[in-house]
Amino acid sequence: MHPDQQRDFTEFVISRSDRLIRLAYLLTGDQHAAEDLLQTALAKTAGHWRRIRDSPEAYVRRVMYHEQAGRWRSPRWGRERPVTSPPDRAAGDRTDEVETRVTLARALRTLPPRKRAVLVLRYYEDLPESEVARIMGCSVGTVRSQTHQAVARLRELIGETITLEA
């Protein structure tokens, strides 16, 4: 990689890593898996930097989605992993806002991978339907129907209190 390209890539990583790691976490539901996913996506992006440097974030999002979709398809993906100690329990004095966020995150994890990805890309990343369709390799109509079905399922799981704005 040319030194100018390497500088541009480094600046991109520094400026966008926080946002991209949040997206990776929403796609994986696990901090360590999110870090692995982002690292893989950035490594693939670096190899194509010269070609994609005008819109690298869209490229990284697409790579992350496709990498995670491949992991979802892998027979080893959903297996339990042993840990040395049980996770900490949540404190009982959480605010309503935190409880709502936790409930929504839990419900989001129960959705099938494509529906979860549609919601993350549409509402968390605030991407237009056309961009979500391009990233996921499907039609805009599919994005709309997946979004509708996913929101309806979330409402079933956590009640009518959910309001998502397009």
# chains A, B, ... in the order shown; residues from 1 in each chain; ligands from 1
$ select_by_dssp --residues "range 13-157 of chain A" --states "helix (DSSP H, G or I)" --output "ChimeraX atom specification"
/A:13-28,31-47,49-52,56-73,96-110,113-124,129-136,140-157
$ residues_around --residues "range 52-64 of chain A" --least-positions-apart "4" --cutoff "12 Å" --atoms "only C-alpha atoms" --output "PyMOL selection string"
chain A and resi 4-13+15-17+19-28+33-48+68-71+117+120-121+125+127+131-137
$ atom_distance --atom1 "CA of Val102 in chain A" --atom2 "CA of Gln31 in chain A"
15.2 Å
$ atom_distance --atom1 "CA of Tyr123 in chain A" --atom2 "CA of Ser145 in chain A"
14.7 Å
$ closest_residue --among "A:Arg73, A:Ile158, A:His32, A:Pro3" --to "Thr100 in chain A" --atoms "only C-alpha atoms"
A:Ile158
$ closest_residue --among "A:Leu157, A:Val143, A:Leu104, A:Val118" --to "Ser130 in chain A" --atoms "only C-alpha atoms"
A:Val143
$ closest_residue --among "A:Gly159, A:Asp126, A:Tyr65, A:Ala152" --to "Thr103 in chain A" --atoms "only C-alpha atoms"
A:Gly159
